[in-house]
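Heads up: the structure comes next, in structure tokens.
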Amino acid sequence: MERYRAFVPDNLPPVAATASPVPDFAELVRVFARIGCLSFGGPVGQIALMHRELVEERGWVTEDQYLHALNFCHLLPGPEAQQLAIWIGNRLHGIRGGMAAGLLFVIPGAAVILALSILYGFAAKLTWFAALFLGIKAAVLAIVVQALMRVAGRALNTGFKRALAGIAFLCLFLFNLPFPLVVLGAGLIGTIAAAKAPHLLALKPVAPAGEQAPRPWRHSLNAVAIGGAAWAFPMIAVFALLGPHHVLWQVGVFFSKLAVVTFGGAYAVLAYMAQQAVQGFGWLSPGEMADGLGLAETTPGPLIMVTQFVGYLAAFRDPAPFTPVIAGLLGAALTTWVTFAPCFLWIFAFAPWIERLEHAPRLKGALAAVTASIVGVIANLSVWFALHVLFTRVAPATVGPVRIALPNLTSLDWRAALIAGVAAWLVIGRKWNVMAVLALAAAAGLVLGQAFTA
């Protein structure tokens, strides 16, 4: 539990050791609707917001229960803040509570980013719109670097972990290995290290498990069967009506796979998503991927909501047999479904096992190693963004098994470099709020983009 105390502000008043009486369902809906509309700032801000609303002010769960559940959620793929909301709702009001809390955490941000995606689809080619996003992309670069520094400072507390991060970066940047392979490899290494040399991962001794309830196999299998069927139903419909070569099928399959390997949050998986969406499928350009992350940064809800932006543009640009907007709406809806439906499945299936997982040292070792490798993944994302935001021409160079992207130094966009430098100083040096930095960068991009051409 100490691992995630960093998400919770230190200056909070003491929290009661026991939870308050269970709220009625209507109150739970009201509170989580409020949280869904105010959940800006990525997972750190969202987790701190829920702590204040649900632990400090209302006492619906205790401090230990909250941190215990947060550690459990980090073991799962997908956005941990949303999964924590589902867990709390499920604890308070069962399945309907978990469904309400999880949906309300996502719906406000999904509605806003869908509206912005529709606007982007029509206005992306306009000069003023491109200038606006020149600044947003530059600010996103600074925000990703800040995320890298924050995660590295928290996760890399041993030499072995720093080595894992470096190896993960090289595997992705130089050898172009798939993101899932890097994560699985790190997890395997962590499992072995936990058994043979736990000090390499700074693992604390795990207390022996006390008397526990019977293993909840039946509950978990029922949840997997029902949740898996719900997850797959839209894909079955797309396959039956449009076939396996339609863009909606490709979008659904890709983001379904992504939902299973999204350990480490949105920044970690963005490099893999960008690689496939840009280079593999050609759905959008590197600059547009940075634009999408900028939109996700400015809306409430999980940052992984950027997947909806990608799904919308992919279908919008290959709409047959629909109109572009209808195809885009279907792409956005399908992407959102296959991205977030698994979160409910994981919580409903595995929440009854939470106490047992706390006493699994090898699982803790795998998690520690994966977290360390995620630093290398985010570093690769930082370099990828820097190359495509700061330079207008980037070409791949291959030497044996090494494949590296090299920028044309004469294509440096001084406007983007200037805005990125100022944004980095504000967000890292001056600790400005991300929303304020994005707003200032957008304004600067609009002015410089209109006044000076690249």
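Chain identifiers are assigned as A, B, and so on, following the order in which chains appear in the structure tokens; residues are numbered from 1 within each chain, and ligands are numbered from 1 in order of appearance.
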
Residue neighbourhood stretch 334-338 of chain A, 9 Å, only C-alpha atoms, exclusion window fewer than 2 positions, as a PyMOL selection string: chain A and resi 110+231-232+234-235+248+251-253+255-257+259+305+307-312+329-332+340-342

According to DSSP computed on the backbone, where in stretch 128-281 of chain A is there alpha helix (DSSP H)? Give the residues as a compact mmCIF listing (two decimals) with N, CA, C and O atoms, in the first residue's frame.
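And here is the file that came out, selection.txt:
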# COMPACT_ATOMS: atom_id res chain seq x y z
N TRP A 128 -6.04 28.08 -39.31
CA TRP A 128 -6.09 28.51 -37.90
C TRP A 128 -6.16 27.32 -36.96
O TRP A 128 -5.59 27.35 -35.86
N PHE A 129 -6.84 26.26 -37.40
CA PHE A 129 -6.96 25.08 -36.55
C PHE A 129 -5.61 24.38 -36.42
O PHE A 129 -5.22 23.94 -35.33
N ALA A 130 -4.89 24.28 -37.54
CA ALA A 130 -3.55 23.68 -37.51
C ALA A 130 -2.61 24.49 -36.61
O ALA A 130 -1.79 23.92 -35.88
N ALA A 131 -2.73 25.82 -36.67
CA ALA A 131 -1.90 26.67 -35.83
C ALA A 131 -2.21 26.47 -34.35
O ALA A 131 -1.31 26.43 -33.50
N LEU A 132 -3.48 26.34 -34.03
CA LEU A 132 -3.89 26.09 -32.65
C LEU A 132 -3.24 24.82 -32.11
O LEU A 132 -2.68 24.79 -31.00
N PHE A 133 -3.28 23.76 -32.91
CA PHE A 133 -2.74 22.48 -32.46
C PHE A 133 -1.22 22.40 -32.55
O PHE A 133 -0.62 21.51 -31.97
N LEU A 134 -0.59 23.35 -33.25
CA LEU A 134 0.87 23.45 -33.18
C LEU A 134 1.30 23.66 -31.73
O LEU A 134 2.22 23.00 -31.23
N GLY A 135 0.62 24.57 -31.03
CA GLY A 135 0.94 24.82 -29.63
C GLY A 135 0.56 23.68 -28.72
O GLY A 135 1.30 23.33 -27.79
N ILE A 136 -0.59 23.05 -28.97
CA ILE A 136 -1.04 21.94 -28.12
C ILE A 136 -0.07 20.77 -28.21
O ILE A 136 0.30 20.16 -27.19
N LYS A 137 0.38 20.45 -29.43
CA LYS A 137 1.33 19.35 -29.59
C LYS A 137 2.64 19.62 -28.86
O LYS A 137 3.21 18.73 -28.22
N ALA A 138 3.11 20.86 -28.94
CA ALA A 138 4.36 21.21 -28.26
C ALA A 138 4.20 21.08 -26.75
O ALA A 138 5.10 20.60 -26.05
N ALA A 139 3.05 21.50 -26.22
CA ALA A 139 2.81 21.38 -24.78
C ALA A 139 2.70 19.92 -24.36
O ALA A 139 3.17 19.53 -23.28
N VAL A 140 2.08 19.09 -25.20
CA VAL A 140 1.96 17.66 -24.90
C VAL A 140 3.34 17.03 -24.76
O VAL A 140 3.56 16.17 -23.89
N LEU A 141 4.28 17.45 -25.59
CA LEU A 141 5.64 16.93 -25.47
C LEU A 141 6.20 17.21 -24.08
O LEU A 141 6.78 16.33 -23.43
N ALA A 142 6.01 18.42 -23.58
CA ALA A 142 6.49 18.77 -22.24
C ALA A 142 5.76 17.95 -21.17
O ALA A 142 6.37 17.51 -20.19
N ILE A 143 4.47 17.72 -21.36
CA ILE A 143 3.69 16.96 -20.38
C ILE A 143 4.14 15.50 -20.33
O ILE A 143 4.22 14.89 -19.26
N VAL A 144 4.45 14.93 -21.49
CA VAL A 144 4.94 13.54 -21.52
C VAL A 144 6.29 13.44 -20.82
O VAL A 144 6.55 12.49 -20.08
N VAL A 145 7.17 14.42 -21.04
CA VAL A 145 8.46 14.42 -20.35
C VAL A 145 8.25 14.53 -18.84
O VAL A 145 8.94 13.86 -18.05
N GLN A 146 7.31 15.36 -18.42
CA GLN A 146 7.01 15.47 -16.99
C GLN A 146 6.53 14.12 -16.44
O GLN A 146 6.93 13.70 -15.34
N ALA A 147 5.67 13.42 -17.19
CA ALA A 147 5.19 12.10 -16.76
C ALA A 147 6.36 11.12 -16.64
O ALA A 147 6.42 10.32 -15.70
N LEU A 148 7.29 11.19 -17.58
CA LEU A 148 8.47 10.32 -17.53
C LEU A 148 9.28 10.57 -16.26
O LEU A 148 9.67 9.62 -15.56
N MET A 149 9.51 11.83 -15.94
CA MET A 149 10.28 12.16 -14.74
C MET A 149 9.57 11.72 -13.47
O MET A 149 10.19 11.21 -12.54
N ARG A 150 8.24 11.90 -13.44
CA ARG A 150 7.47 11.54 -12.26
C ARG A 150 7.48 10.03 -12.03
O ARG A 150 7.71 9.55 -10.92
N VAL A 151 7.23 9.26 -13.10
CA VAL A 151 7.20 7.80 -12.96
C VAL A 151 8.59 7.26 -12.65
O VAL A 151 8.75 6.37 -11.81
N ALA A 152 9.61 7.81 -13.30
CA ALA A 152 10.98 7.34 -13.05
C ALA A 152 11.39 7.60 -11.61
O ALA A 152 12.00 6.73 -10.96
N GLY A 153 11.05 8.76 -11.08
CA GLY A 153 11.41 9.07 -9.70
C GLY A 153 10.75 8.15 -8.70
O GLY A 153 11.32 7.86 -7.64
N ARG A 154 9.56 7.66 -9.03
CA ARG A 154 8.84 6.79 -8.11
C ARG A 154 9.22 5.33 -8.29
O ARG A 154 9.24 4.56 -7.33
N ALA A 155 9.51 4.90 -9.52
CA ALA A 155 9.63 3.48 -9.81
C ALA A 155 11.07 2.96 -9.82
O ALA A 155 11.30 1.78 -9.54
N GLY A 159 19.23 -0.29 -8.93
CA GLY A 159 19.96 -0.37 -10.18
C GLY A 159 19.34 -1.36 -11.14
O GLY A 159 19.36 -1.16 -12.37
N PHE A 160 18.83 -2.46 -10.62
CA PHE A 160 18.20 -3.47 -11.46
C PHE A 160 16.98 -2.91 -12.18
O PHE A 160 16.78 -3.16 -13.38
N LYS A 161 16.19 -2.11 -11.49
CA LYS A 161 15.02 -1.50 -12.12
C LYS A 161 15.45 -0.50 -13.19
O LYS A 161 14.82 -0.40 -14.26
N ARG A 162 16.52 0.25 -12.91
CA ARG A 162 16.99 1.21 -13.92
C ARG A 162 17.49 0.47 -15.16
O ARG A 162 17.29 0.93 -16.30
N ALA A 163 18.13 -0.68 -14.96
CA ALA A 163 18.57 -1.49 -16.10
C ALA A 163 17.38 -1.99 -16.91
O ALA A 163 17.41 -1.98 -18.15
N LEU A 164 16.33 -2.43 -16.23
CA LEU A 164 15.12 -2.89 -16.93
C LEU A 164 14.53 -1.76 -17.77
O LEU A 164 14.11 -1.98 -18.92
N ALA A 165 14.49 -0.56 -17.21
CA ALA A 165 13.96 0.58 -17.95
C ALA A 165 14.80 0.87 -19.19
O ALA A 165 14.26 1.12 -20.28
N GLY A 166 16.12 0.83 -19.03
CA GLY A 166 17.01 1.07 -20.17
C GLY A 166 16.86 0.02 -21.25
O GLY A 166 16.83 0.33 -22.45
N ILE A 167 16.75 -1.25 -20.85
CA ILE A 167 16.59 -2.32 -21.83
C ILE A 167 15.25 -2.18 -22.56
O ILE A 167 15.18 -2.37 -23.79
N ALA A 168 14.19 -1.84 -21.84
CA ALA A 168 12.88 -1.65 -22.48
C ALA A 168 12.95 -0.54 -23.51
O ALA A 168 12.40 -0.66 -24.62
N PHE A 169 13.62 0.56 -23.17
CA PHE A 169 13.75 1.67 -24.12
C PHE A 169 14.49 1.23 -25.39
O PHE A 169 14.04 1.50 -26.51
N LEU A 170 15.59 0.51 -25.22
CA LEU A 170 16.37 0.08 -26.38
C LEU A 170 15.60 -0.91 -27.23
O LEU A 170 15.68 -0.87 -28.47
N CYS A 171 14.86 -1.81 -26.58
CA CYS A 171 14.07 -2.79 -27.33
C CYS A 171 13.05 -2.11 -28.23
O CYS A 171 12.80 -2.54 -29.37
N LEU A 172 12.46 -1.04 -27.74
CA LEU A 172 11.43 -0.33 -28.51
C LEU A 172 12.04 0.65 -29.51
O LEU A 172 11.64 0.69 -30.68
N PHE A 173 13.01 1.44 -29.07
CA PHE A 173 13.54 2.51 -29.91
C PHE A 173 14.46 2.00 -31.01
O PHE A 173 14.42 2.48 -32.15
N PHE A 179 5.22 -3.69 -28.11
CA PHE A 179 5.01 -3.30 -26.71
C PHE A 179 4.56 -4.47 -25.84
O PHE A 179 5.08 -4.66 -24.74
N PRO A 180 3.58 -5.30 -26.27
CA PRO A 180 3.16 -6.41 -25.39
C PRO A 180 4.30 -7.37 -25.06
O PRO A 180 4.37 -7.88 -23.94
N LEU A 181 5.19 -7.59 -26.02
CA LEU A 181 6.31 -8.49 -25.77
C LEU A 181 7.25 -7.92 -24.71
O LEU A 181 7.74 -8.66 -23.84
N VAL A 182 7.49 -6.63 -24.76
CA VAL A 182 8.35 -5.99 -23.77
C VAL A 182 7.74 -6.09 -22.37
O VAL A 182 8.43 -6.42 -21.40
N VAL A 183 6.44 -5.84 -22.26
CA VAL A 183 5.77 -5.90 -20.96
C VAL A 183 5.77 -7.32 -20.41
O VAL A 183 6.06 -7.55 -19.23
N LEU A 184 5.44 -8.29 -21.25
CA LEU A 184 5.41 -9.68 -20.80
C LEU A 184 6.80 -10.15 -20.40
O LEU A 184 6.97 -10.87 -19.41
N GLY A 185 7.83 -9.75 -21.17
CA GLY A 185 9.19 -10.12 -20.82
C GLY A 185 9.61 -9.55 -19.48
O GLY A 185 10.23 -10.24 -18.65
N ALA A 186 9.26 -8.28 -19.23
CA ALA A 186 9.58 -7.66 -17.95
C ALA A 186 8.86 -8.36 -16.80
O ALA A 186 9.44 -8.60 -15.73
N GLY A 187 7.60 -8.73 -17.03
CA GLY A 187 6.86 -9.45 -15.99
C GLY A 187 7.48 -10.79 -15.66
O GLY A 187 7.56 -11.17 -14.48
N LEU A 188 7.96 -11.50 -16.66
CA LEU A 188 8.61 -12.80 -16.43
C LEU A 188 9.91 -12.62 -15.65
O LEU A 188 10.19 -13.37 -14.70
N ILE A 189 10.69 -11.61 -16.02
CA ILE A 189 11.93 -11.33 -15.29
C ILE A 189 11.63 -10.99 -13.84
O ILE A 189 12.31 -11.44 -12.91
N GLY A 190 10.59 -10.19 -13.62
CA GLY A 190 10.23 -9.82 -12.26
C GLY A 190 9.77 -11.01 -11.43
O GLY A 190 10.09 -11.10 -10.23
N THR A 191 9.06 -11.93 -12.04
CA THR A 191 8.62 -13.13 -11.34
C THR A 191 9.82 -13.95 -10.87
O THR A 191 9.86 -14.43 -9.73
N ILE A 192 10.80 -14.10 -11.74
CA ILE A 192 12.01 -14.88 -11.40
C ILE A 192 12.81 -14.15 -10.31
O ILE A 192 13.27 -14.76 -9.34
N ALA A 193 12.96 -12.82 -10.48
CA ALA A 193 13.73 -12.05 -9.50
C ALA A 193 13.07 -12.09 -8.13
O ALA A 193 13.76 -12.15 -7.10
N ALA A 194 11.75 -12.06 -8.07
CA ALA A 194 11.04 -12.10 -6.79
C ALA A 194 11.31 -13.40 -6.05
O ALA A 194 11.37 -13.43 -4.82
N ALA A 195 11.48 -14.48 -6.81
CA ALA A 195 11.73 -15.78 -6.19
C ALA A 195 13.19 -15.97 -5.79
O ALA A 195 13.50 -16.58 -4.76
N LYS A 196 14.11 -15.43 -6.61
CA LYS A 196 15.54 -15.69 -6.41
C LYS A 196 16.26 -14.57 -5.66
O LYS A 196 17.15 -14.84 -4.84
N TRP A 217 -14.26 -19.23 -7.11
CA TRP A 217 -14.15 -19.61 -8.51
C TRP A 217 -15.47 -19.40 -9.27
O TRP A 217 -15.47 -18.90 -10.40
N ARG A 218 -16.57 -19.81 -8.67
CA ARG A 218 -17.85 -19.74 -9.37
C ARG A 218 -18.20 -18.29 -9.71
O ARG A 218 -18.63 -17.98 -10.84
N HIS A 219 -18.03 -17.41 -8.74
CA HIS A 219 -18.32 -15.99 -8.98
C HIS A 219 -17.46 -15.46 -10.13
O HIS A 219 -17.97 -14.77 -11.03
N SER A 220 -16.18 -15.76 -10.11
CA SER A 220 -15.26 -15.23 -11.13
C SER A 220 -15.59 -15.79 -12.51
O SER A 220 -15.58 -15.06 -13.51
N LEU A 221 -15.88 -17.08 -12.59
CA LEU A 221 -16.19 -17.68 -13.89
C LEU A 221 -17.49 -17.11 -14.47
O LEU A 221 -17.58 -16.86 -15.67
N ASN A 222 -18.49 -16.88 -13.62
CA ASN A 222 -19.73 -16.26 -14.09
C ASN A 222 -19.47 -14.85 -14.62
O ASN A 222 -20.01 -14.45 -15.66
N ALA A 223 -18.66 -14.09 -13.88
CA ALA A 223 -18.35 -12.72 -14.30
C ALA A 223 -17.60 -12.71 -15.63
O ALA A 223 -17.86 -11.88 -16.50
N VAL A 224 -16.65 -13.63 -15.79
CA VAL A 224 -15.89 -13.71 -17.03
C VAL A 224 -16.79 -14.09 -18.19
O VAL A 224 -16.71 -13.52 -19.30
N ALA A 225 -17.70 -15.05 -17.97
CA ALA A 225 -18.59 -15.50 -19.04
C ALA A 225 -19.53 -14.37 -19.49
O ALA A 225 -19.67 -14.09 -20.69
N ILE A 226 -20.16 -13.70 -18.52
CA ILE A 226 -21.12 -12.64 -18.86
C ILE A 226 -20.39 -11.42 -19.41
O ILE A 226 -20.78 -10.85 -20.43
N GLY A 227 -19.31 -11.00 -18.72
CA GLY A 227 -18.56 -9.84 -19.18
C GLY A 227 -17.91 -10.08 -20.53
O GLY A 227 -17.88 -9.18 -21.38
N GLY A 228 -17.37 -11.28 -20.75
CA GLY A 228 -16.76 -11.59 -22.04
C GLY A 228 -17.76 -11.57 -23.17
O GLY A 228 -17.47 -11.08 -24.27
N ALA A 229 -18.97 -12.09 -22.92
CA ALA A 229 -20.02 -12.07 -23.95
C ALA A 229 -20.42 -10.64 -24.29
O ALA A 229 -20.59 -10.29 -25.47
N ALA A 230 -20.57 -9.79 -23.26
CA ALA A 230 -20.93 -8.39 -23.50
C ALA A 230 -19.81 -7.67 -24.27
O ALA A 230 -20.09 -6.87 -25.17
N TRP A 231 -18.58 -7.94 -23.90
CA TRP A 231 -17.43 -7.34 -24.57
C TRP A 231 -17.41 -7.72 -26.05
O TRP A 231 -17.17 -6.89 -26.93
N ALA A 232 -17.71 -8.97 -26.35
CA ALA A 232 -17.59 -9.48 -27.72
C ALA A 232 -18.80 -9.17 -28.59
O ALA A 232 -18.68 -9.20 -29.83
N PHE A 233 -19.96 -8.89 -28.00
CA PHE A 233 -21.19 -8.78 -28.79
C PHE A 233 -21.09 -7.76 -29.93
O PHE A 233 -21.47 -8.08 -31.08
N PRO A 234 -20.61 -6.52 -29.71
CA PRO A 234 -20.51 -5.58 -30.83
C PRO A 234 -19.58 -6.08 -31.94
O PRO A 234 -19.84 -5.84 -33.11
N MET A 235 -18.53 -6.78 -31.56
CA MET A 235 -17.61 -7.30 -32.56
C MET A 235 -18.26 -8.40 -33.40
O MET A 235 -18.02 -8.50 -34.61
N ILE A 236 -19.08 -9.22 -32.77
CA ILE A 236 -19.80 -10.26 -33.52
C ILE A 236 -20.75 -9.60 -34.53
O ILE A 236 -20.85 -10.03 -35.69
N ALA A 237 -21.41 -8.52 -34.10
CA ALA A 237 -22.32 -7.80 -35.00
C ALA A 237 -21.57 -7.18 -36.18
O ALA A 237 -22.02 -7.25 -37.33
N VAL A 238 -20.42 -6.56 -35.91
CA VAL A 238 -19.62 -5.97 -36.99
C VAL A 238 -19.16 -7.04 -37.96
O VAL A 238 -19.23 -6.86 -39.19
N PHE A 239 -18.70 -8.17 -37.44
CA PHE A 239 -18.23 -9.25 -38.32
C PHE A 239 -19.36 -9.78 -39.19
O PHE A 239 -19.18 -10.01 -40.40
N ALA A 240 -20.55 -9.95 -38.60
CA ALA A 240 -21.67 -10.52 -39.34
C ALA A 240 -22.20 -9.54 -40.40
O ALA A 240 -22.57 -9.95 -41.50
N LEU A 241 -22.21 -8.25 -40.09
CA LEU A 241 -22.82 -7.27 -40.99
C LEU A 241 -21.84 -6.66 -41.99
O LEU A 241 -22.23 -6.31 -43.11
N LEU A 242 -20.57 -6.51 -41.60
CA LEU A 242 -19.60 -5.79 -42.45
C LEU A 242 -18.42 -6.63 -42.88
O LEU A 242 -17.69 -6.26 -43.82
N VAL A 247 -13.10 -1.41 -41.84
CA VAL A 247 -12.29 -0.65 -40.88
C VAL A 247 -12.82 -0.80 -39.46
O VAL A 247 -12.03 -0.81 -38.49
N LEU A 248 -14.13 -0.94 -39.28
CA LEU A 248 -14.67 -1.09 -37.93
C LEU A 248 -14.22 -2.39 -37.29
O LEU A 248 -13.97 -2.44 -36.07
N TRP A 249 -14.11 -3.45 -38.08
CA TRP A 249 -13.59 -4.70 -37.54
C TRP A 249 -12.13 -4.54 -37.14
O TRP A 249 -11.70 -4.98 -36.08
N GLN A 250 -11.34 -3.89 -37.99
CA GLN A 250 -9.93 -3.67 -37.68
C GLN A 250 -9.77 -2.82 -36.42
O GLN A 250 -8.94 -3.12 -35.56
N VAL A 251 -10.59 -1.78 -36.31
CA VAL A 251 -10.54 -0.91 -35.13
C VAL A 251 -10.90 -1.71 -33.88
O VAL A 251 -10.21 -1.64 -32.84
N GLY A 252 -11.97 -2.49 -33.95
CA GLY A 252 -12.42 -3.25 -32.79
C GLY A 252 -11.41 -4.29 -32.33
O GLY A 252 -11.14 -4.44 -31.13
N VAL A 253 -10.82 -5.00 -33.29
CA VAL A 253 -9.83 -6.03 -32.94
C VAL A 253 -8.59 -5.40 -32.33
O VAL A 253 -8.07 -5.86 -31.30
N PHE A 254 -8.13 -4.31 -32.93
CA PHE A 254 -6.90 -3.67 -32.43
C PHE A 254 -7.09 -3.15 -31.01
O PHE A 254 -6.27 -3.41 -30.12
N PHE A 255 -8.17 -2.44 -30.75
CA PHE A 255 -8.35 -1.86 -29.43
C PHE A 255 -8.78 -2.90 -28.40
O PHE A 255 -8.57 -2.70 -27.20
N SER A 256 -9.35 -4.01 -28.84
CA SER A 256 -9.60 -5.11 -27.91
C SER A 256 -8.28 -5.69 -27.42
O SER A 256 -8.11 -5.99 -26.23
N LYS A 257 -7.33 -5.87 -28.33
CA LYS A 257 -5.99 -6.34 -27.94
C LYS A 257 -5.32 -5.34 -27.02
O LYS A 257 -4.70 -5.71 -26.01
N LEU A 258 -5.47 -4.07 -27.36
CA LEU A 258 -4.83 -3.02 -26.57
C LEU A 258 -5.35 -3.02 -25.13
O LEU A 258 -4.60 -2.77 -24.18
N ALA A 259 -6.65 -3.31 -24.96
CA ALA A 259 -7.26 -3.29 -23.63
C ALA A 259 -6.65 -4.34 -22.71
O ALA A 259 -6.73 -4.22 -21.49
N VAL A 260 -6.04 -5.37 -23.27
CA VAL A 260 -5.48 -6.45 -22.47
C VAL A 260 -4.04 -6.17 -22.05
O VAL A 260 -3.53 -6.78 -21.12
N VAL A 261 -3.37 -5.24 -22.72
CA VAL A 261 -1.95 -5.00 -22.44
C VAL A 261 -1.67 -3.58 -21.96
O VAL A 261 -0.51 -3.17 -21.92
N ALA A 266 -1.98 5.40 -19.75
CA ALA A 266 -2.11 5.82 -21.14
C ALA A 266 -0.77 6.16 -21.77
O ALA A 266 -0.52 5.81 -22.94
N TYR A 267 0.12 6.83 -21.04
CA TYR A 267 1.39 7.22 -21.64
C TYR A 267 2.19 5.99 -22.07
O TYR A 267 2.87 6.00 -23.10
N ALA A 268 2.11 4.93 -21.28
CA ALA A 268 2.89 3.73 -21.58
C ALA A 268 2.43 3.08 -22.87
O ALA A 268 3.24 2.61 -23.67
N VAL A 269 1.13 3.04 -23.10
CA VAL A 269 0.61 2.31 -24.26
C VAL A 269 0.53 3.18 -25.50
O VAL A 269 0.37 2.68 -26.61
N LEU A 270 0.69 4.50 -25.35
CA LEU A 270 0.56 5.38 -26.50
C LEU A 270 1.58 5.10 -27.60
O LEU A 270 1.26 5.20 -28.78
N ALA A 271 2.80 4.76 -27.20
CA ALA A 271 3.83 4.49 -28.22
C ALA A 271 3.43 3.31 -29.09
O ALA A 271 3.57 3.34 -30.32
N TYR A 272 2.92 2.25 -28.46
CA TYR A 272 2.47 1.08 -29.21
C TYR A 272 1.27 1.44 -30.07
O TYR A 272 1.20 1.07 -31.26
N MET A 273 0.31 2.17 -29.51
CA MET A 273 -0.87 2.56 -30.28
C MET A 273 -0.48 3.44 -31.46
O MET A 273 -0.99 3.26 -32.57
N ALA A 274 0.43 4.38 -31.22
CA ALA A 274 0.86 5.27 -32.29
C ALA A 274 1.56 4.49 -33.40
O ALA A 274 1.34 4.71 -34.59

Who sits within 12 Å of A:Val112, only C-alpha atoms, same chain under 6 positions skipped, as a PyMOL selection string: chain A and resi 36-37+106+118-119+295-301+305-306+308-309

Go ahead and dump the residues you just picked, C-alpha atoms, as an mmCIF file, in the first residue's frame.
data_model
loop_
_atom_site.group_PDB
_atom_site.id
_atom_site.type_symbol
_atom_site.label_atom_id
_atom_site.label_comp_id
_atom_site.auth_asym_id
_atom_site.auth_seq_id
_atom_site.Cartn_x
_atom_site.Cartn_y
_atom_site.Cartn_z
ATOM 1 C CA GLY A 36 -16.830 12.164 -13.601
ATOM 2 C CA CYS A 37 -17.243 15.830 -14.528
ATOM 3 C CA VAL A 106 -16.143 7.762 -18.318
ATOM 4 C CA ILE A 118 -16.124 15.605 -34.791
ATOM 5 C CA LEU A 119 -14.867 19.202 -34.933
ATOM 6 C CA LEU A 295 -7.531 16.745 -26.541
ATOM 7 C CA ALA A 296 -7.519 13.934 -23.963
ATOM 8 C CA GLU A 297 -5.414 16.074 -21.609
ATOM 9 C CA THR A 298 -8.041 18.842 -21.692
ATOM 10 C CA THR A 299 -11.089 16.652 -20.965
ATOM 11 C CA PRO A 300 -12.210 14.836 -17.801
ATOM 12 C CA GLY A 301 -11.836 11.077 -17.510
ATOM 13 C CA MET A 305 -9.848 8.117 -23.893
ATOM 14 C CA VAL A 306 -7.544 9.215 -26.721
ATOM 15 C CA GLN A 308 -11.854 7.199 -29.032
ATOM 16 C CA PHE A 309 -10.270 10.004 -31.062
#

Who sits within 12 Å of stretch 123-127 of chain A, only C-alpha atoms, same chain under 3 positions skipped, as a ChimeraX atom specification: /A:116-120,130-134,284-285,287-288,291-292,313,445-453

Residues within 12 Å of A:Ile86, only C-alpha atoms, excluding chain neighbours under 6 positions, as an MDAnalysis selection string: chainID A and resid 28 32 50 69:70 73 79:80 92:106 340:349 351

A:Glu57, A:Val399, A:His388, A:Phe322 ranked by distance to A:Asp413, top pick (using only C-alpha atoms): A:His388

A:Phe391 surroundings by only C-alpha atoms, 7 Å radius, close-in-sequence under 6 positions cut, as a ChimeraX atom specification: /A:407,411-413

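Across the structure, atom CA of A:Ile107 and atom CA of A:Asn90 are spaced 17.9 Å apart.
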
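Separating atom CA of A:Ala202 from atom CA of A:Pro178 is a distance of 27.5 Å.
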